[in-house]
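The data block below is structure.txt; it holds compact mmCIF, C-alpha atoms.
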# COMPACT_ATOMS: atom_id res chain seq x y z
CA MET A 1 11.38 -58.22 5.86
CA SER A 2 13.36 -54.97 5.62
CA THR A 3 11.69 -51.61 5.18
CA ASN A 4 13.14 -51.41 1.67
CA GLU A 5 11.46 -54.66 0.63
CA ARG A 6 8.02 -53.69 1.88
CA MET A 7 5.46 -53.31 -0.91
CA THR A 8 7.78 -54.90 -3.46
CA THR A 9 5.79 -57.39 -5.55
CA ASP A 10 8.11 -57.37 -8.58
CA SER A 11 11.77 -58.37 -8.43
CA ALA A 12 12.68 -55.38 -10.63
CA TYR A 13 12.09 -53.14 -7.61
CA GLU A 14 13.82 -55.25 -4.97
CA ALA A 15 15.95 -53.03 -2.77
CA ILE A 16 18.63 -53.27 -0.11
CA ALA A 17 19.55 -51.05 2.80
CA PRO A 18 21.62 -47.99 1.76
CA ASP A 19 24.60 -49.21 3.82
CA ASP A 20 24.51 -52.80 2.52
CA PHE A 21 26.88 -52.41 -0.42
CA PRO A 22 28.17 -56.00 -0.16
CA ALA A 23 24.72 -57.09 -1.42
CA MET A 24 25.46 -55.20 -4.63
CA MET A 25 28.42 -57.53 -5.22
CA ASP A 26 26.30 -60.65 -5.11
CA VAL A 27 27.48 -62.55 -8.20
CA ASP A 28 23.92 -63.61 -9.08
CA ARG A 29 22.71 -60.00 -9.11
CA TYR A 30 24.57 -59.02 -12.26
CA GLY A 31 22.80 -61.58 -14.42
CA ALA A 32 19.34 -61.02 -12.97
CA ARG A 33 18.56 -57.89 -14.97
CA SER A 34 14.94 -56.97 -15.63
CA THR A 35 14.01 -55.94 -19.18
CA ALA A 36 11.22 -53.66 -17.90
CA PHE A 37 13.25 -50.48 -18.34
CA ASP A 38 15.28 -51.31 -21.45
CA LYS A 39 13.17 -49.21 -23.83
CA ILE A 40 13.27 -46.05 -21.73
CA ILE A 41 16.99 -46.52 -21.08
CA SER A 42 17.73 -46.96 -24.81
CA ALA A 43 15.66 -43.89 -25.62
CA THR A 44 17.87 -41.65 -23.46
CA HIS A 45 20.07 -40.59 -26.37
CA ASP A 46 17.06 -39.54 -28.47
CA HIS A 47 16.14 -36.78 -26.04
CA PHE A 48 19.62 -35.59 -25.09
CA TRP A 49 20.10 -31.84 -24.62
CA ASP A 50 22.71 -29.70 -22.93
CA PRO A 51 21.68 -26.56 -21.00
CA LEU A 52 25.24 -25.22 -21.39
CA ASP A 53 25.14 -25.40 -25.20
CA PRO A 54 23.31 -22.51 -26.95
CA LYS A 55 22.58 -24.91 -29.80
CA TYR A 56 19.85 -26.30 -27.57
CA ILE A 57 18.89 -23.23 -25.54
CA ASP A 58 20.38 -19.74 -25.34
CA PHE A 59 20.00 -18.11 -21.94
CA ASN A 60 21.31 -14.80 -23.26
CA SER A 61 17.99 -13.83 -24.85
CA PRO A 62 16.81 -10.58 -23.19
CA TRP A 63 13.59 -9.77 -21.35
CA ASP A 64 12.39 -6.52 -19.79
CA LEU A 65 10.86 -7.53 -16.47
CA GLU A 66 9.64 -4.01 -15.76
CA ARG A 67 7.61 -3.71 -18.95
CA ASP A 68 6.81 -7.19 -20.27
CA LEU A 69 4.68 -9.86 -18.64
CA LEU A 70 6.19 -13.34 -18.59
CA VAL A 71 2.67 -14.82 -18.49
CA PRO A 72 -0.79 -13.30 -18.99
CA THR A 73 -2.43 -11.63 -15.98
CA ASP A 74 -5.18 -14.26 -15.97
CA PHE A 75 -2.50 -16.85 -15.15
CA ASN A 76 -1.85 -15.08 -11.85
CA MET A 77 -4.22 -16.15 -9.08
CA GLU A 78 -3.87 -12.97 -7.02
CA LEU A 79 -5.00 -10.80 -9.91
CA GLN A 80 -8.24 -12.79 -10.12
CA THR A 81 -9.17 -11.36 -6.71
CA ALA A 82 -9.64 -7.95 -5.06
CA VAL A 83 -5.84 -7.59 -5.22
CA SER A 84 -6.20 -6.41 -8.82
CA ASP A 85 -8.23 -3.36 -7.76
CA LYS A 86 -5.41 -2.08 -5.54
CA LEU A 87 -2.59 -2.18 -8.09
CA ASN A 88 -1.54 -0.04 -11.04
CA THR A 89 -0.16 -1.47 -14.27
CA ASP A 90 3.49 -1.43 -13.19
CA GLN A 91 2.65 -3.14 -9.90
CA LYS A 92 0.67 -5.83 -11.71
CA ILE A 93 3.62 -6.54 -14.02
CA TYR A 94 5.90 -6.77 -10.99
CA LEU A 95 3.52 -9.13 -9.18
CA VAL A 96 3.07 -11.41 -12.19
CA ASN A 97 6.78 -11.66 -12.95
CA GLU A 98 7.81 -12.14 -9.32
CA ALA A 99 5.18 -14.88 -8.97
CA VAL A 100 6.81 -16.61 -11.94
CA ARG A 101 10.15 -16.27 -10.18
CA TRP A 102 8.64 -17.92 -7.10
CA ASN A 103 7.22 -20.73 -9.25
CA MET A 104 10.49 -21.26 -11.12
CA SER A 105 12.34 -21.32 -7.80
CA SER A 106 9.95 -23.97 -6.46
CA ILE A 107 10.55 -26.01 -9.60
CA LEU A 108 14.31 -25.60 -9.18
CA HIS A 109 14.12 -26.86 -5.59
CA GLY A 110 11.95 -29.75 -6.78
CA GLU A 111 14.52 -30.67 -9.43
CA ALA A 112 17.26 -30.61 -6.78
CA GLY A 113 15.13 -33.00 -4.74
CA ALA A 114 14.61 -35.25 -7.77
CA LEU A 115 18.36 -35.29 -8.38
CA ALA A 116 19.09 -36.35 -4.80
CA LEU A 117 16.30 -38.94 -4.80
CA SER A 118 17.39 -40.50 -8.10
CA ALA A 119 20.94 -40.79 -6.78
CA SER A 120 19.63 -42.42 -3.61
CA LEU A 121 17.81 -45.04 -5.71
CA CYS A 122 21.15 -46.02 -7.25
CA HIS A 123 22.27 -47.02 -3.76
CA ILE A 124 19.32 -49.29 -3.00
CA LEU A 125 17.80 -50.73 -6.20
CA LYS A 126 19.28 -54.18 -6.62
CA ASP A 127 18.15 -54.88 -10.18
CA PRO A 128 20.86 -53.70 -12.63
CA GLY A 129 18.26 -52.42 -15.10
CA ALA A 130 16.40 -50.39 -12.48
CA GLN A 131 19.72 -49.12 -11.16
CA GLU A 132 20.85 -48.04 -14.64
CA TYR A 133 17.56 -46.24 -15.21
CA ALA A 134 17.96 -44.41 -11.88
CA ALA A 135 21.48 -43.38 -12.91
CA ASN A 136 20.14 -42.02 -16.20
CA GLN A 137 17.44 -40.07 -14.40
CA THR A 138 20.04 -38.67 -12.01
CA ARG A 139 21.94 -37.27 -14.99
CA GLU A 140 18.78 -35.77 -16.47
CA GLU A 141 17.69 -34.20 -13.19
CA ALA A 142 21.16 -32.64 -12.92
CA ARG A 143 20.71 -30.85 -16.24
CA HIS A 144 17.28 -29.66 -15.10
CA VAL A 145 18.88 -28.09 -12.03
CA THR A 146 21.38 -26.37 -14.31
CA GLY A 147 18.68 -25.26 -16.76
CA PHE A 148 16.35 -23.71 -14.19
CA ALA A 149 19.24 -22.18 -12.26
CA LYS A 150 20.49 -20.52 -15.45
CA TYR A 151 16.99 -19.29 -16.39
CA ILE A 152 16.45 -17.73 -12.96
CA GLN A 153 19.93 -16.21 -13.09
CA ALA A 154 19.22 -14.74 -16.52
CA ARG A 155 15.91 -13.19 -15.47
CA TRP A 156 16.30 -12.32 -11.76
CA GLY A 157 19.79 -13.19 -10.58
CA LYS A 158 18.91 -15.67 -7.83
CA PRO A 159 16.00 -17.90 -6.76
CA THR A 160 13.67 -17.45 -3.81
CA ALA A 161 13.81 -19.75 -0.81
CA CYS A 162 11.99 -23.08 -0.90
CA GLY A 163 8.50 -23.07 0.59
CA VAL A 164 8.12 -24.85 3.92
CA VAL A 165 5.60 -27.46 2.74
CA LEU A 166 7.51 -28.35 -0.42
CA GLN A 167 10.75 -28.58 1.56
CA GLU A 168 9.13 -30.94 4.06
CA ILE A 169 7.78 -33.24 1.34
CA LEU A 170 11.03 -33.28 -0.63
CA THR A 171 13.07 -33.96 2.50
CA GLU A 172 10.80 -36.83 3.49
CA ILE A 173 10.92 -38.64 0.15
CA VAL A 174 14.67 -38.15 -0.31
CA ALA A 175 15.50 -39.36 3.20
CA THR A 176 13.00 -42.20 3.56
CA PRO A 177 14.31 -45.79 3.31
CA LEU A 178 10.93 -46.84 1.86
CA VAL A 179 11.23 -47.47 -1.88
CA TRP A 180 7.47 -47.16 -2.43
CA LYS A 181 7.40 -43.75 -0.78
CA LYS A 182 10.31 -42.56 -2.94
CA LEU A 183 8.61 -43.77 -6.13
CA VAL A 184 5.11 -42.57 -5.32
CA GLY A 185 6.35 -39.31 -3.82
CA MET A 186 8.75 -38.33 -6.59
CA GLN A 187 7.86 -40.28 -9.73
CA MET A 188 4.10 -39.86 -9.31
CA VAL A 189 3.22 -36.94 -6.99
CA VAL A 190 6.07 -34.50 -7.65
CA GLU A 191 6.57 -35.52 -11.31
CA GLY A 192 2.80 -35.47 -11.90
CA LEU A 193 2.62 -31.98 -10.42
CA ALA A 194 5.67 -30.91 -12.42
CA MET A 195 4.27 -32.15 -15.73
CA GLY A 196 1.13 -30.12 -15.12
CA ALA A 197 3.18 -27.03 -14.25
CA PHE A 198 5.45 -27.43 -17.26
CA ALA A 199 2.49 -27.89 -19.62
CA SER A 200 0.79 -24.80 -18.17
CA PHE A 201 3.84 -22.57 -18.54
CA TYR A 202 4.57 -23.97 -22.00
CA ALA A 203 1.03 -23.05 -23.09
CA LYS A 204 0.83 -19.66 -21.39
CA THR A 205 4.25 -17.99 -21.26
CA HIS A 206 5.13 -15.03 -23.49
CA ASP A 207 8.85 -15.73 -23.02
CA PRO A 208 10.25 -17.94 -25.84
CA LEU A 209 13.20 -18.88 -23.62
CA LEU A 210 10.95 -20.21 -20.87
CA ARG A 211 8.80 -22.03 -23.40
CA ARG A 212 11.83 -23.79 -24.87
CA LEU A 213 13.15 -24.70 -21.42
CA MET A 214 9.79 -26.20 -20.46
CA GLN A 215 9.66 -28.36 -23.55
CA LEU A 216 13.22 -29.60 -23.20
CA VAL A 217 12.63 -30.56 -19.58
CA MET A 218 9.38 -32.30 -20.49
CA THR A 219 11.20 -34.56 -22.96
CA ASP A 220 12.94 -36.02 -19.89
CA GLU A 221 10.15 -35.79 -17.33
CA ALA A 222 7.73 -37.84 -19.42
CA PHE A 223 10.11 -40.80 -19.04
CA HIS A 224 10.56 -40.20 -15.32
CA HIS A 225 6.78 -40.39 -14.96
CA LYS A 226 6.87 -43.55 -17.09
CA PHE A 227 9.27 -45.22 -14.64
CA GLY A 228 6.80 -44.57 -11.81
CA LYS A 229 3.91 -45.86 -13.92
CA ILE A 230 5.75 -49.13 -14.60
CA TRP A 231 6.19 -49.54 -10.83
CA ALA A 232 2.49 -48.81 -10.21
CA ASP A 233 1.26 -51.22 -12.89
CA ARG A 234 3.47 -54.02 -11.58
CA THR A 235 2.94 -53.35 -7.89
CA VAL A 236 -0.34 -51.71 -6.88
CA PRO A 237 -2.75 -54.39 -8.25
CA ASN A 238 -0.82 -57.10 -6.39
CA LEU A 239 -0.68 -55.46 -2.98
CA PRO A 240 -2.76 -56.51 0.04
CA ALA A 241 -5.58 -54.04 0.65
CA GLU A 242 -3.97 -52.58 3.77
CA GLU A 243 -0.71 -51.77 1.95
CA ARG A 244 -2.52 -50.30 -1.06
CA ASP A 245 -4.59 -48.16 1.30
CA LEU A 246 -1.42 -46.90 2.99
CA ILE A 247 -0.03 -45.74 -0.37
CA GLU A 248 -3.35 -44.22 -1.38
CA ASP A 249 -3.75 -42.29 1.87
CA TRP A 250 -0.20 -40.96 1.78
CA ALA A 251 -0.62 -39.77 -1.82
CA LEU A 252 -3.83 -37.98 -0.83
CA GLU A 253 -2.07 -36.37 2.13
CA CYS A 254 0.66 -35.04 -0.19
CA PHE A 255 -1.94 -33.77 -2.65
CA MET A 256 -3.88 -31.88 0.01
CA LYS A 257 -0.72 -30.33 1.49
CA LEU A 258 0.46 -29.12 -1.91
CA LEU A 259 -3.00 -27.86 -2.92
CA ARG A 260 -3.59 -25.89 0.26
CA ASN A 261 -0.18 -24.27 0.00
CA SER A 262 -0.12 -23.68 -3.77
CA THR A 263 -0.63 -19.93 -3.50
CA GLY A 264 1.75 -19.49 -0.55
CA PRO A 265 0.70 -15.97 0.58
CA GLU A 266 2.90 -15.98 3.67
CA GLN A 267 5.85 -17.33 1.71
CA LYS A 268 5.48 -14.51 -0.81
CA LYS A 269 4.98 -11.74 1.72
CA GLU A 270 8.12 -9.88 0.61
CA ILE A 271 6.67 -9.61 -2.91
CA TYR A 272 3.45 -8.15 -1.57
CA GLU A 273 5.22 -5.73 0.75
CA ARG A 274 7.08 -4.17 -2.19
CA ILE A 275 3.74 -3.21 -3.76
CA GLY A 276 2.12 -2.06 -0.52
CA LEU A 277 0.08 -5.16 0.32
CA ASP A 278 -0.11 -7.11 3.57
CA TRP A 279 0.14 -10.87 2.98
CA ARG A 280 -2.68 -11.53 5.45
CA TRP A 281 -5.01 -9.31 3.44
CA VAL A 282 -3.94 -11.09 0.23
CA GLN A 283 -4.61 -14.43 1.90
CA GLY A 284 -8.12 -13.27 2.78
CA ALA A 285 -8.73 -12.02 -0.74
CA LEU A 286 -7.64 -15.38 -2.14
CA ALA A 287 -9.79 -17.31 0.33
CA GLU A 288 -12.82 -15.19 -0.56
CA ALA A 289 -12.32 -15.58 -4.31
CA LEU A 290 -11.36 -19.24 -4.40
CA ALA A 291 -14.62 -20.75 -3.28
CA ASP A 292 -14.90 -24.42 -4.06
CA LYS A 293 -17.07 -23.85 -7.14
CA GLN A 294 -14.59 -21.42 -8.64
CA MET A 295 -11.63 -23.65 -7.79
CA ARG A 296 -13.37 -26.56 -9.47
CA ALA A 297 -13.98 -24.52 -12.62
CA THR A 298 -10.34 -23.46 -12.74
CA MET A 299 -9.18 -27.03 -12.38
CA GLN A 300 -11.19 -28.24 -15.37
CA GLU A 301 -8.49 -26.88 -17.68
CA SER A 302 -6.48 -29.80 -19.01
CA THR A 303 -3.19 -28.10 -18.21
CA ASN A 304 -4.09 -27.31 -14.61
CA ILE A 305 -1.27 -28.69 -12.51
CA PHE A 306 -3.46 -30.39 -9.93
CA ARG A 307 -5.76 -31.95 -12.52
CA VAL A 308 -2.71 -33.54 -14.14
CA LEU A 309 -1.55 -34.80 -10.74
CA ILE A 310 -4.94 -36.34 -9.93
CA LYS A 311 -5.03 -38.06 -13.32
CA THR A 312 -1.52 -39.41 -12.71
CA LEU A 313 -2.61 -40.98 -9.42
CA LEU A 314 -5.90 -42.24 -10.83
CA LYS A 315 -4.32 -44.00 -13.82
CA ALA A 316 -1.75 -45.55 -11.49
CA GLY A 317 -4.47 -47.13 -9.36
CA ILE A 318 -3.64 -44.90 -6.40
CA VAL A 319 -7.14 -43.35 -6.34
CA THR A 320 -10.04 -45.70 -5.56
CA LYS A 321 -13.62 -45.23 -4.36
CA ARG A 322 -12.18 -44.73 -0.87
CA THR A 323 -10.46 -41.46 -1.74
CA ALA A 324 -12.14 -40.43 -5.02
CA PRO A 325 -14.70 -38.19 -3.23
CA MET A 326 -11.86 -36.06 -1.83
CA TYR A 327 -10.49 -35.41 -5.34
CA ALA A 328 -14.00 -34.99 -6.79
CA ALA A 329 -14.30 -31.74 -4.87
CA TYR A 330 -11.84 -30.28 -7.38
CA VAL A 331 -12.16 -32.21 -10.65
CA ASP A 332 -14.68 -34.22 -12.63
CA MET A 333 -13.58 -37.75 -11.75
CA ALA A 334 -15.91 -39.38 -14.29
CA GLU A 335 -14.28 -37.30 -17.00
CA LEU A 336 -10.81 -38.40 -15.87
CA HIS A 337 -11.91 -42.05 -15.78
CA GLY A 338 -13.06 -41.70 -19.38
CA GLU A 339 -9.77 -40.27 -20.63
CA GLY A 340 -6.98 -42.45 -21.97
CA GLU A 341 -3.56 -42.98 -20.44
CA ARG A 342 -1.93 -40.11 -22.32
CA MET A 343 -1.15 -36.97 -20.35
CA ILE A 344 -1.25 -33.37 -21.57
CA GLY A 345 2.53 -33.24 -21.43
CA ASP A 346 3.04 -36.26 -23.69
CA ASP A 347 2.26 -34.38 -26.91
CA ILE A 348 4.57 -31.53 -25.94
CA ALA A 349 7.31 -34.00 -25.00
CA GLU A 350 6.99 -35.91 -28.28
CA GLU A 351 7.22 -32.68 -30.28
CA GLY A 352 10.34 -31.81 -28.29
CA ILE A 353 11.85 -35.25 -28.91
CA ARG A 354 11.41 -34.81 -32.68
CA TYR A 355 13.09 -31.41 -32.41
CA LEU A 356 16.02 -32.94 -30.51
CA GLN A 357 16.30 -35.88 -32.90
CA ALA A 358 16.61 -33.46 -35.81
CA LEU A 359 19.10 -31.32 -33.91
CA ASN A 360 21.18 -34.29 -32.79
CA GLY A 361 21.02 -36.05 -36.13
CA ALA A 362 19.37 -39.07 -34.53
CA GLY A 363 17.39 -41.46 -36.67
CA GLY A 364 14.19 -43.34 -35.89
CA SER A 365 11.67 -42.72 -33.17
CA ALA A 366 12.73 -45.08 -30.38
CA ALA A 367 12.07 -42.49 -27.71
CA ILE A 368 8.54 -41.76 -28.89
CA TYR A 369 7.83 -45.50 -29.13
CA ALA A 370 9.15 -46.06 -25.62
CA LEU A 371 7.10 -43.15 -24.30
CA SER A 372 3.89 -44.28 -26.03
CA GLY A 373 4.16 -48.00 -25.20
CA THR A 374 2.20 -49.56 -22.38
CA ALA A 375 3.74 -49.11 -18.98
CA ALA A 376 3.45 -52.77 -18.04
CA GLU A 377 5.59 -54.02 -20.95
Can I see the file as structure tokens?
Amino acid sequence: MSTNERMTTDSAYEAIAPDDFPAMMDVDRYGARSTAFDKIISATHDHFWDPLDPKYIDFNSPWDLERDLLVPTDFNMELQTAVSDKLNTDQKIYLVNEAVRWNMSSILHGEAGALALSASLCHILKDPGAQEYAANQTREEARHVTGFAKYIQARWGKPTACGVVLQEILTEIVATPLVWKKLVGMQMVVEGLAMGAFASFYAKTHDPLLRRLMQLVMTDEAFHHKFGKIWADRTVPNLPAEERDLIEDWALECFMKLLRNSTGPEQKKEIYERIGLDWRWVQGALAEALADKQMRATMQESTNIFRVLIKTLLKAGIVTKRTAPMYAAYVDMAELHGEGERMIGDDIAEEGIRYLQALNGAGGSAAIYALSGTAAE
């Protein structure tokens, strides 16, 4: 059994080696198309948008970074610590807005990773339906790269470098030949984290341009998450315990890496230096303030990015009693168990889809139906 076929329990996710193109010309392959992805493929036109067309989003809208906060100060973790006592108003505005730049840059790098990963799936997914979906997602991730690049250019000129931990995770899931690791890593972990981040910025930002960008991206990302959920529903319950445990442990490892590096003091040291702070001192201030109890309270907010990620993994069957105690240190797992399948980003995405349908002159609600339907259809 090849590495690509490991953990494949549904023919829709059967894969070949990246260099085995002759297998793609198997005459029986073309007629063996799964219907699992037809609804989300057909819905693509209902949430079309173009980041280069001001009809959808105008990146020329101004913003004064020196005077106006892009998000409230309580959205900035550093300002919830002793850091706040050392800064004047102008320095606080600078810190908040530069932290947003760092976050938007991380998202941009993540979208570039999603673009490369989606393209790599086109090379290995044998099912024509799965392959077509991956091609659609590749196109959508490409417009996300354009959208975030243009937003960063409009506000700051250029992005910041990718953080070390995020770069390592993205590189691993793009390069791996393991289909399950690509799908869990990108469609569940990274997309779950992204949906939480997008929902948070959509709810909190003062910048109408950023709010619009977040909603437009979420109209696509909700379907990308859906693709991963279909895989989980069709695969995870049918795996041998040892293979399910391998997926579960790897997802937890990714979660812990991303959580521990979410503030990135060392990676943002240039920001701190410009306002007279040493990154090591900031790191200590964060460590002192973010005791487990306080972190837990922060994560109870429904839009918290890590709460959304944990719920994504839980509803996909990738959190069991083996690993639940590790996540319970940060969220109320009983509360998550009691919640339905819908994510915080789904409502925002559906509102955005209706906006795009009206703008594009599309009729019906195929996209919303496809998004709301059960993942195992």
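Shortest separation to A:Val83 among A:Pro208, A:Pro128, A:Gly185, A:Gly284 occurs at residue A:Gly284, atoms counted being all atoms listed in the file.
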Compile a residue-level contact table for stretch 165-265 of chain A against stretch 146-160 of chain A at a cut-off of 12 Å, reporting for every qualifying residue the shortest atom pair and its distance in Å to one decimal, with only C-alpha atoms counted, rows ordered by chain and ascending number, as CSV.
residue,atom,partner,partner_atom,distance
A:Phe198,CA,A:Phe148,CA,11.9
A:Asp207,CA,A:Arg155,CA,10.6
A:Pro208,CA,A:Tyr151,CA,11.7
A:Leu209,CA,A:Tyr151,CA,8.2
A:Leu210,CA,A:Tyr151,CA,7.6
A:Arg211,CA,A:Tyr151,CA,11.1
A:Arg212,CA,A:Gly147,CA,10.7
A:Leu213,CA,A:Gly147,CA,7.3
A:Met214,CA,A:Phe148,CA,9.4
A:Gln215,CA,A:Gly147,CA,11.7
A:Leu216,CA,A:Gly147,CA,9.5
A:Val217,CA,A:Gly147,CA,8.5
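Using all atoms listed in the file, the contacts of A:Leu65 at a cut-off of 8 Å, with sequence neighbours closer than 6 positions omitted, comprise Ile93, Tyr94, Asn97 and Arg155 of chain A.
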Exercise. Hey, which of A:Gln167, A:Thr176, A:Lys86, A:Asp346 ends up closest to A:Ala17? Count only C-alpha atoms.
Worked result: A:Thr176
Exercise. How many Å separate atom CA of A:Met326 from atom CA of A:Ile247?
Worked result: 15.4 Å
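Every protein, DNA or RNA residue with an atom at most 8 Å from stretch 102-112 of chain A, where only C-alpha atoms count and chain neighbours fewer than 3 positions away do not, is listed here: Glu98, Ala99, Leu115, Ala116, Glu141, Ala142, His144, Val145, Phe148, Ala149, Ile152, Pro159, Thr160, Ala161, Cys162, Gly163, Leu166, Leu170, Val190, Ala194 and Lys268 of chain A.
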Problem set entry | Using all atoms listed in the file: which of A:Asp249, A:Asp53, A:Asp10, A:Glu266 has the shortest distance to A:Gln283 | A:Glu266
For this session: With a distance cut-off of 8 Å and only C-alpha atoms, select the neighbouring residues of A:Arg244, excluding the residue or stretch itself and same-chain residues fewer than 5 positions from it, and output the selection as a PyMOL selection string.
Result: chain A and resi 236+239+318
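Nearest residue to A:Ala197, choosing from A:Phe48, A:Tyr330, A:Phe37, A:Phe75 and counting only C-alpha atoms: A:Phe75.
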Exercise. If we count all atoms listed in the file, what is near A:Thr312 at a cut-off of 10 Å, once residues fewer than 5 positions away on the same chain are taken out, given as a ChimeraX atom specification?
Worked result: /A:187-189,191-193,195-196,225,228-229,306-307,317-319,336,341-343
Seminar exercise, completed: Students should find that atom CA of A:Asp127 and atom CA of A:Glu221 are spaced 21.9 Å
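Note that the spacing between atom CA of A:Ala349 and atom CA of A:His47 amounts to 9.3 Å.
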Around all the atoms of stretch 128-138 of chain A listed in the file, with 5 Å of room on each side, what axis-aligned box do you get, giving centre and edge lengths in Å to one decimal, as lines of an AutoDock Vina configuration file?
center_x = 18.9
center_y = -46.2
center_z = -13.7
size_x = 15.1
size_y = 25.0
size_z = 15.0
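Nearest-residue note for A:Glu351: choosing from A:Asn304, A:Thr81, A:Asn238, A:Thr219, the minimum distance belongs to A:Thr219, counting all atoms listed in the file.
Proximity to A:Phe223 was assessed for A:Ser11, A:Pro51, A:Glu350, A:Ile57 counting only C-alpha atoms; the smallest distance is recorded for A:Glu350.
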